[in-house]
Amino acid sequence: MGTSPPVVTPTKSPFAEPPSDAVVLFNGKDLKEWTSTDRPGTDPGWTVSGGVLTVDKAKGNIETRRRFTNYQLHIEWRIPANISGEGQGRGNSGLFLASTGKGDAGYELQIVDSYQNKTYVNGMAGSIYKQFVPLANPARKPGEWQTYDVAWTAPVFNEDGSLRSPAKATVFFNGILVQNNVELKGPTQYIGQPSYSARHGTSPIKLQAHGDKSEPISFRNIWIREVR
């Protein structure tokens, strides 16, 4: 599984209110900014209650109706206090920083319970899934809210489809730097080496309804600032 990153106790309050120029992607009331990934243009069907968005695994992945290039993103997520399972089967989801198609196509920042829950290190929370191990493990206990703050630079392609510059990501997990301007090797591949095999432009952001059997996770306070 490789060497585990050091456990770090995060700051008590990394939660952030949207700045004045942010686009609020989830306001705690509705999913008007989101659609089903498999059925574009339709209601995603996940549950909204008490200002919280909860995954409905039967409805599949959801993604933003808007498309983005470079941005700053804030998102808060929570593993259920009563979570069951272990390893990758314990609160698994994913934040796809750019969705490039149906299913799990895109660039995934992993979400999973990493509080005293062992799994392969490039698949733990804060990892660029199957590419980059997080620099630290600041995961909170199940039942507590966690934050990701992401600076994303989209890949740039030449007219012939070849890669001009790769995607880059900087990630703060509960206020702790876990990815430092890493250059992604391509969209996520579960098996095999990632590569930039297909050119793409602006892309939606996707949240995953993972097929594991554990209790579904929740989200709140999602906002984005486009970077020109």
# chains A, B, ... in the order shown; residues from 1 in each chain; ligands from 1
>>> residues_around(residues="A:Arg228", least_positions_apart="4", cutoff="12 Å", atoms="only C-alpha atoms", output="PyMOL selection string")
chain A and resi 68-72+152-154
>>> residues_around(residues="stretch 122-139 of chain A", least_positions_apart="5", cutoff="10 Å", atoms="only C-alpha atoms", output="mmCIF file with N, CA and C atoms, in the first residue's frame")
data_model
loop_
_atom_site.group_PDB
_atom_site.id
_atom_site.type_symbol
_atom_site.label_atom_id
_atom_site.label_comp_id
_atom_site.auth_asym_id
_atom_site.auth_seq_id
_atom_site.Cartn_x
_atom_site.Cartn_y
_atom_site.Cartn_z
ATOM 1 N N MET A 1 0.813 -1.205 0.000
ATOM 2 C CA MET A 1 0.000 0.000 0.000
ATOM 3 C C MET A 1 0.850 1.259 0.000
ATOM 4 N N GLY A 2 2.157 1.141 0.191
ATOM 5 C CA GLY A 2 3.019 2.303 0.236
ATOM 6 C C GLY A 2 3.071 2.908 1.619
ATOM 7 N N THR A 3 3.903 3.928 1.778
ATOM 8 C CA THR A 3 4.061 4.595 3.066
ATOM 9 C C THR A 3 2.914 5.566 3.307
ATOM 10 N N SER A 4 2.265 5.435 4.458
ATOM 11 C CA SER A 4 1.139 6.305 4.775
ATOM 12 C C SER A 4 1.633 7.708 5.098
ATOM 13 N N PRO A 5 0.936 8.741 4.632
ATOM 14 C CA PRO A 5 1.318 10.108 4.982
ATOM 15 C C PRO A 5 1.075 10.362 6.458
ATOM 16 N N PRO A 6 1.762 11.348 7.051
ATOM 17 C CA PRO A 6 1.593 11.607 8.479
ATOM 18 C C PRO A 6 0.197 12.098 8.813
ATOM 19 N N VAL A 7 -0.304 11.684 9.972
ATOM 20 C CA VAL A 7 -1.583 12.181 10.465
ATOM 21 C C VAL A 7 -1.365 13.573 11.051
ATOM 22 N N VAL A 8 -2.212 14.519 10.661
ATOM 23 C CA VAL A 8 -2.115 15.900 11.126
ATOM 24 C C VAL A 8 -3.469 16.304 11.688
ATOM 25 N N THR A 9 -3.488 16.915 12.869
ATOM 26 C CA THR A 9 -4.736 17.426 13.437
ATOM 27 C C THR A 9 -5.087 18.744 12.751
ATOM 28 N N PRO A 10 -6.229 18.813 12.065
ATOM 29 C CA PRO A 10 -6.558 20.024 11.309
ATOM 30 C C PRO A 10 -6.996 21.170 12.207
ATOM 31 N N THR A 11 -7.059 22.374 11.629
ATOM 32 C CA THR A 11 -7.577 23.534 12.337
ATOM 33 C C THR A 11 -9.050 23.326 12.649
ATOM 34 N N GLY A 87 -11.850 0.107 4.331
ATOM 35 C CA GLY A 87 -11.086 0.408 3.128
ATOM 36 C C GLY A 87 -11.862 1.302 2.175
ATOM 37 N N GLN A 88 -11.874 0.940 0.902
ATOM 38 C CA GLN A 88 -12.567 1.716 -0.122
ATOM 39 C C GLN A 88 -14.085 1.598 -0.020
ATOM 40 N N ASN A 92 -17.239 5.929 0.436
ATOM 41 C CA ASN A 92 -16.554 6.270 -0.803
ATOM 42 C C ASN A 92 -17.403 7.193 -1.679
ATOM 43 N N SER A 93 -16.762 8.226 -2.199
ATOM 44 C CA SER A 93 -17.334 9.097 -3.211
ATOM 45 C C SER A 93 -16.163 9.725 -3.945
ATOM 46 N N GLY A 94 -16.434 10.714 -4.755
ATOM 47 C CA GLY A 94 -15.347 11.374 -5.461
ATOM 48 C C GLY A 94 -15.791 12.737 -5.952
ATOM 49 N N LEU A 95 -14.850 13.664 -5.966
ATOM 50 C CA LEU A 95 -15.056 14.981 -6.550
ATOM 51 C C LEU A 95 -14.266 15.010 -7.850
ATOM 52 N N PHE A 96 -14.973 15.023 -8.972
ATOM 53 C CA PHE A 96 -14.310 15.054 -10.274
ATOM 54 C C PHE A 96 -14.110 16.513 -10.679
ATOM 55 N N LEU A 97 -12.857 16.934 -10.669
ATOM 56 C CA LEU A 97 -12.520 18.333 -10.872
ATOM 57 C C LEU A 97 -12.825 18.797 -12.286
ATOM 58 N N TYR A 107 -11.292 13.708 -13.823
ATOM 59 C CA TYR A 107 -10.120 13.840 -12.951
ATOM 60 C C TYR A 107 -10.605 13.828 -11.500
ATOM 61 N N GLU A 108 -10.308 12.750 -10.774
ATOM 62 C CA GLU A 108 -10.946 12.527 -9.474
ATOM 63 C C GLU A 108 -10.063 12.884 -8.285
ATOM 64 N N LEU A 109 -10.611 13.723 -7.411
ATOM 65 C CA LEU A 109 -10.077 13.952 -6.075
ATOM 66 C C LEU A 109 -10.875 13.043 -5.148
ATOM 67 N N GLN A 110 -10.213 12.094 -4.510
ATOM 68 C CA GLN A 110 -10.915 11.052 -3.772
ATOM 69 C C GLN A 110 -11.567 11.565 -2.491
ATOM 70 N N ILE A 111 -12.757 11.046 -2.228
ATOM 71 C CA ILE A 111 -13.461 11.234 -0.961
ATOM 72 C C ILE A 111 -13.743 9.851 -0.392
ATOM 73 N N VAL A 112 -13.292 9.616 0.824
ATOM 74 C CA VAL A 112 -13.504 8.340 1.502
ATOM 75 C C VAL A 112 -13.165 8.562 2.976
ATOM 76 N N ASP A 113 -13.647 7.696 3.857
ATOM 77 C CA ASP A 113 -13.272 7.813 5.264
ATOM 78 C C ASP A 113 -11.805 7.428 5.429
ATOM 79 N N SER A 114 -10.987 8.391 5.834
ATOM 80 C CA SER A 114 -9.562 8.126 6.062
ATOM 81 C C SER A 114 -9.170 8.336 7.521
ATOM 82 N N TYR A 115 -10.166 8.346 8.399
ATOM 83 C CA TYR A 115 -9.884 8.463 9.826
ATOM 84 C C TYR A 115 -9.740 7.060 10.412
ATOM 85 N N GLN A 116 -8.512 6.651 10.654
ATOM 86 C CA GLN A 116 -8.216 5.322 11.198
ATOM 87 C C GLN A 116 -8.853 4.219 10.343
ATOM 88 N N ASN A 117 -8.825 4.437 9.031
ATOM 89 C CA ASN A 117 -9.351 3.462 8.071
ATOM 90 C C ASN A 117 -8.297 3.250 6.988
ATOM 91 N N GLU A 144 -18.263 14.282 11.401
ATOM 92 C CA GLU A 144 -17.808 15.670 11.424
ATOM 93 C C GLU A 144 -17.648 16.190 9.991
ATOM 94 N N TRP A 145 -17.920 17.473 9.795
ATOM 95 C CA TRP A 145 -17.779 18.069 8.476
ATOM 96 C C TRP A 145 -16.309 18.275 8.120
ATOM 97 N N GLN A 146 -15.988 18.048 6.849
ATOM 98 C CA GLN A 146 -14.640 18.196 6.319
ATOM 99 C C GLN A 146 -14.685 19.148 5.123
ATOM 100 N N THR A 147 -13.548 19.723 4.775
ATOM 101 C CA THR A 147 -13.509 20.673 3.666
ATOM 102 C C THR A 147 -12.412 20.335 2.666
ATOM 103 N N TYR A 148 -12.722 20.611 1.415
ATOM 104 C CA TYR A 148 -11.719 20.678 0.359
ATOM 105 C C TYR A 148 -11.748 22.099 -0.207
ATOM 106 N N ALA A 169 -3.360 20.786 -10.007
ATOM 107 C CA ALA A 169 -4.265 20.924 -8.868
ATOM 108 C C ALA A 169 -3.492 21.197 -7.586
ATOM 109 N N VAL A 171 -4.590 21.370 -3.499
ATOM 110 C CA VAL A 171 -5.720 20.987 -2.649
ATOM 111 C C VAL A 171 -5.379 21.211 -1.181
ATOM 112 N N PHE A 172 -6.272 21.907 -0.483
ATOM 113 C CA PHE A 172 -6.229 22.013 0.976
ATOM 114 C C PHE A 172 -7.359 21.160 1.539
ATOM 115 N N PHE A 173 -7.029 20.261 2.449
ATOM 116 C CA PHE A 173 -7.981 19.331 3.063
ATOM 117 C C PHE A 173 -8.083 19.715 4.539
ATOM 118 N N ASN A 174 -9.243 20.215 4.948
ATOM 119 C CA ASN A 174 -9.421 20.732 6.310
ATOM 120 C C ASN A 174 -8.367 21.782 6.657
ATOM 121 N N GLY A 175 -8.030 22.604 5.652
ATOM 122 C CA GLY A 175 -7.077 23.685 5.851
ATOM 123 C C GLY A 175 -5.621 23.290 5.738
ATOM 124 N N ILE A 176 -5.341 22.006 5.473
ATOM 125 C CA ILE A 176 -3.973 21.491 5.389
ATOM 126 C C ILE A 176 -3.629 21.205 3.921
ATOM 127 N N LEU A 177 -2.481 21.680 3.461
ATOM 128 C CA LEU A 177 -2.067 21.434 2.084
ATOM 129 C C LEU A 177 -1.769 19.951 1.877
ATOM 130 N N VAL A 178 -2.486 19.320 0.938
ATOM 131 C CA VAL A 178 -2.254 17.892 0.675
ATOM 132 C C VAL A 178 -1.829 17.616 -0.769
ATOM 133 N N GLN A 179 -2.080 18.553 -1.685
ATOM 134 C CA GLN A 179 -1.588 18.462 -3.059
ATOM 135 C C GLN A 179 -1.049 19.828 -3.442
ATOM 136 N N ASN A 180 0.231 19.873 -3.841
ATOM 137 C CA ASN A 180 0.906 21.143 -4.066
ATOM 138 C C ASN A 180 1.201 21.351 -5.548
ATOM 139 N N VAL A 182 0.261 19.874 -8.240
ATOM 140 C CA VAL A 182 0.668 18.656 -8.946
ATOM 141 C C VAL A 182 0.198 18.694 -10.394
ATOM 142 N N GLU A 183 0.996 18.138 -11.288
ATOM 143 C CA GLU A 183 0.639 18.040 -12.700
ATOM 144 C C GLU A 183 0.049 16.663 -12.957
ATOM 145 N N LEU A 184 -1.233 16.623 -13.277
ATOM 146 C CA LEU A 184 -1.906 15.347 -13.476
ATOM 147 C C LEU A 184 -1.427 14.671 -14.756
ATOM 148 N N LYS A 185 -1.379 13.345 -14.703
ATOM 149 C CA LYS A 185 -0.895 12.553 -15.832
ATOM 150 C C LYS A 185 -1.980 12.302 -16.869
ATOM 151 N N GLY A 186 -3.200 12.717 -16.552
ATOM 152 C CA GLY A 186 -4.342 12.507 -17.426
ATOM 153 C C GLY A 186 -5.567 12.260 -16.582
ATOM 154 N N PRO A 187 -6.722 12.033 -17.212
ATOM 155 C CA PRO A 187 -7.920 11.677 -16.460
ATOM 156 C C PRO A 187 -7.705 10.388 -15.671
ATOM 157 N N THR A 188 -8.511 10.207 -14.631
ATOM 158 C CA THR A 188 -8.376 9.063 -13.740
ATOM 159 C C THR A 188 -8.563 7.742 -14.472
ATOM 160 N N GLN A 189 -7.671 6.809 -14.166
ATOM 161 C CA GLN A 189 -7.784 5.433 -14.637
ATOM 162 C C GLN A 189 -7.748 4.511 -13.426
ATOM 163 N N TYR A 190 -8.766 3.668 -13.271
ATOM 164 C CA TYR A 190 -8.773 2.734 -12.142
ATOM 165 C C TYR A 190 -7.674 1.686 -12.292
ATOM 166 N N ILE A 191 -7.491 1.205 -13.519
ATOM 167 C CA ILE A 191 -6.429 0.250 -13.830
ATOM 168 C C ILE A 191 -5.634 0.798 -15.006
ATOM 169 N N GLY A 192 -4.309 0.749 -14.908
ATOM 170 C CA GLY A 192 -3.469 1.226 -15.991
ATOM 171 C C GLY A 192 -3.024 2.666 -15.785
ATOM 172 N N GLN A 193 -2.180 3.132 -16.689
ATOM 173 C CA GLN A 193 -1.604 4.467 -16.593
ATOM 174 C C GLN A 193 -2.503 5.519 -17.240
ATOM 175 N N PRO A 194 -2.755 6.617 -16.543
ATOM 176 C CA PRO A 194 -3.554 7.686 -17.150
ATOM 177 C C PRO A 194 -2.789 8.397 -18.261
#
>>> select_by_dssp(residues="stretch 70-157 of chain A", states="strand (DSSP E or B)", output="ChimeraX atom specification")
/A:71-78,93-99,106-111,128,132,137,145-153,156-157
>>> closest_atom_pairs(of="stretch 170-213 of chain A", to="stretch 19-36 of chain A", cutoff="10 Å", atoms="only C-alpha atoms", output="JSON lines")
{"residue": "A:Pro204", "atom": "CA", "partner": "A:Trp34", "partner_atom": "CA", "distance": 9.5}
{"residue": "A:Ile205", "atom": "CA", "partner": "A:Trp34", "partner_atom": "CA", "distance": 9.3}
{"residue": "A:Lys206", "atom": "CA", "partner": "A:Trp34", "partner_atom": "CA", "distance": 9.0}
{"residue": "A:Leu207", "atom": "CA", "partner": "A:Trp34", "partner_atom": "CA", "distance": 9.8}
>>> write_last_selection(atoms="C-alpha atoms", output="PDB file, in the first residue's frame")
ATOM      1  CA  PRO A 204     -18.618  20.374 -15.560  1.00  0.00           C
ATOM      2  CA  ILE A 205     -17.703  19.356 -12.017  1.00  0.00           C
ATOM      3  CA  LYS A 206     -19.014  15.962 -10.936  1.00  0.00           C
ATOM      4  CA  LEU A 207     -19.921  14.291  -7.639  1.00  0.00           C
TER       5      LEU A 207
END
>>> select_by_dssp(residues="stretch 12-226 of chain A", states="helix (DSSP H, G or I)", output="list of chain:residue names")
A:Lys57, A:Ala58, A:Lys59, A:Gly87, A:Gln88, A:Gly89, A:Val121, A:Asn122, A:Gly123
>>> atom_distance(atom1="atom CA of A:Gly50", atom2="atom CA of A:Lys102")
29.2 Å
>>> closest_residue(among="A:Ala98, A:Ile217, A:Ile224, A:Ile62", to="A:Pro40", atoms="only C-alpha atoms")
A:Ile62
>>> residues_around(residues="A:Asp56", least_positions_apart="6", cutoff="12 Å", atoms="only C-alpha atoms", output="PyMOL selection string")
chain A and resi 36+44-48+62+93+207-219
>>> write_last_selection(atoms="N, CA and C atoms", output="PDB file, in the first residue's frame")
ATOM      1  N   SER A  36     -28.329  15.242 -13.658  1.00  0.00           N
ATOM      2  CA  SER A  36     -27.844  13.867 -13.709  1.00  0.00           C
ATOM      3  C   SER A  36     -26.755  13.747 -14.776  1.00  0.00           C
ATOM      4  N   PRO A  44     -31.241  15.674 -10.793  1.00  0.00           N
ATOM      5  CA  PRO A  44     -30.311  14.638 -10.347  1.00  0.00           C
ATOM      6  C   PRO A  44     -30.890  13.673  -9.338  1.00  0.00           C
ATOM      7  N   GLY A  45     -31.893  14.095  -8.564  1.00  0.00           N
ATOM      8  CA  GLY A  45     -32.587  13.173  -7.680  1.00  0.00           C
ATOM      9  C   GLY A  45     -31.959  12.910  -6.329  1.00  0.00           C
ATOM     10  N   TRP A  46     -30.823  13.560  -6.028  1.00  0.00           N
ATOM     11  CA  TRP A  46     -30.254  13.387  -4.695  1.00  0.00           C
ATOM     12  C   TRP A  46     -31.096  14.145  -3.669  1.00  0.00           C
ATOM     13  N   THR A  47     -30.952  13.802  -2.403  1.00  0.00           N
ATOM     14  CA  THR A  47     -31.806  14.343  -1.345  1.00  0.00           C
ATOM     15  C   THR A  47     -31.276  15.663  -0.807  1.00  0.00           C
ATOM     16  N   VAL A  48     -32.146  16.662  -0.702  1.00  0.00           N
ATOM     17  CA  VAL A  48     -31.820  17.943  -0.075  1.00  0.00           C
ATOM     18  C   VAL A  48     -32.722  18.110   1.138  1.00  0.00           C
ATOM     19  N   ILE A  62     -23.883  13.032 -10.264  1.00  0.00           N
ATOM     20  CA  ILE A  62     -24.452  14.311 -10.677  1.00  0.00           C
ATOM     21  C   ILE A  62     -23.317  15.244 -11.075  1.00  0.00           C
ATOM     22  N   SER A  93     -16.762   8.226  -2.199  1.00  0.00           N
ATOM     23  CA  SER A  93     -17.334   9.097  -3.211  1.00  0.00           C
ATOM     24  C   SER A  93     -16.163   9.725  -3.945  1.00  0.00           C
ATOM     25  N   LEU A 207     -19.942  14.981  -8.918  1.00  0.00           N
ATOM     26  CA  LEU A 207     -19.921  14.291  -7.639  1.00  0.00           C
ATOM     27  C   LEU A 207     -20.365  12.850  -7.850  1.00  0.00           C
ATOM     28  N   GLN A 208     -19.662  11.935  -7.224  1.00  0.00           N
ATOM     29  CA  GLN A 208     -19.842  10.506  -7.492  1.00  0.00           C
ATOM     30  C   GLN A 208     -20.806   9.837  -6.518  1.00  0.00           C
ATOM     31  N   ALA A 209     -21.666   9.000  -7.073  1.00  0.00           N
ATOM     32  CA  ALA A 209     -22.505   8.095  -6.289  1.00  0.00           C
ATOM     33  C   ALA A 209     -21.856   6.719  -6.370  1.00  0.00           C
ATOM     34  N   HIS A 210     -20.915   6.471  -5.479  1.00  0.00           N
ATOM     35  CA  HIS A 210     -20.121   5.240  -5.551  1.00  0.00           C
ATOM     36  C   HIS A 210     -20.985   4.024  -5.235  1.00  0.00           C
ATOM     37  N   GLY A 211     -20.644   2.900  -5.824  1.00  0.00           N
ATOM     38  CA  GLY A 211     -21.456   1.695  -5.684  1.00  0.00           C
ATOM     39  C   GLY A 211     -21.190   0.845  -4.463  1.00  0.00           C
ATOM     40  N   ASP A 212     -20.398   1.351  -3.498  1.00  0.00           N
ATOM     41  CA  ASP A 212     -20.171   0.550  -2.301  1.00  0.00           C
ATOM     42  C   ASP A 212     -21.453   0.469  -1.470  1.00  0.00           C
ATOM     43  N   LYS A 213     -21.468  -0.407  -0.470  1.00  0.00           N
ATOM     44  CA  LYS A 213     -22.687  -0.674   0.298  1.00  0.00           C
ATOM     45  C   LYS A 213     -22.783   0.128   1.587  1.00  0.00           C
ATOM     46  N   SER A 214     -21.821   0.999   1.857  1.00  0.00           N
ATOM     47  CA  SER A 214     -21.864   1.772   3.091  1.00  0.00           C
ATOM     48  C   SER A 214     -22.884   2.905   2.987  1.00  0.00           C
ATOM     49  N   GLU A 215     -23.169   3.528   4.110  1.00  0.00           N
ATOM     50  CA  GLU A 215     -24.149   4.609   4.184  1.00  0.00           C
ATOM     51  C   GLU A 215     -23.698   5.801   3.332  1.00  0.00           C
ATOM     52  N   PRO A 216     -24.624   6.497   2.647  1.00  0.00           N
ATOM     53  CA  PRO A 216     -24.249   7.577   1.729  1.00  0.00           C
ATOM     54  C   PRO A 216     -23.728   8.810   2.455  1.00  0.00           C
ATOM     55  N   ILE A 217     -22.778   9.498   1.828  1.00  0.00           N
ATOM     56  CA  ILE A 217     -22.192  10.698   2.414  1.00  0.00           C
ATOM     57  C   ILE A 217     -23.012  11.930   2.021  1.00  0.00           C
ATOM     58  N   SER A 218     -22.664  13.080   2.632  1.00  0.00           N
ATOM     59  CA  SER A 218     -23.406  14.313   2.401  1.00  0.00           C
ATOM     60  C   SER A 218     -22.460  15.460   2.062  1.00  0.00           C
ATOM     61  N   PHE A 219     -23.046  16.517   1.469  1.00  0.00           N
ATOM     62  CA  PHE A 219     -22.304  17.714   1.082  1.00  0.00           C
ATOM     63  C   PHE A 219     -23.064  18.964   1.522  1.00  0.00           C
TER      64      PHE A 219
END
>>> closest_residue(among="A:Gly91, A:Gly41, A:Gly85, A:Pro142", to="A:Lys57", atoms="only C-alpha atoms")
A:Gly91
>>> closest_residue(among="A:Gly143, A:Thr54, A:Arg199, A:Arg220", to="A:Ala81", atoms="only C-alpha atoms")
A:Gly143
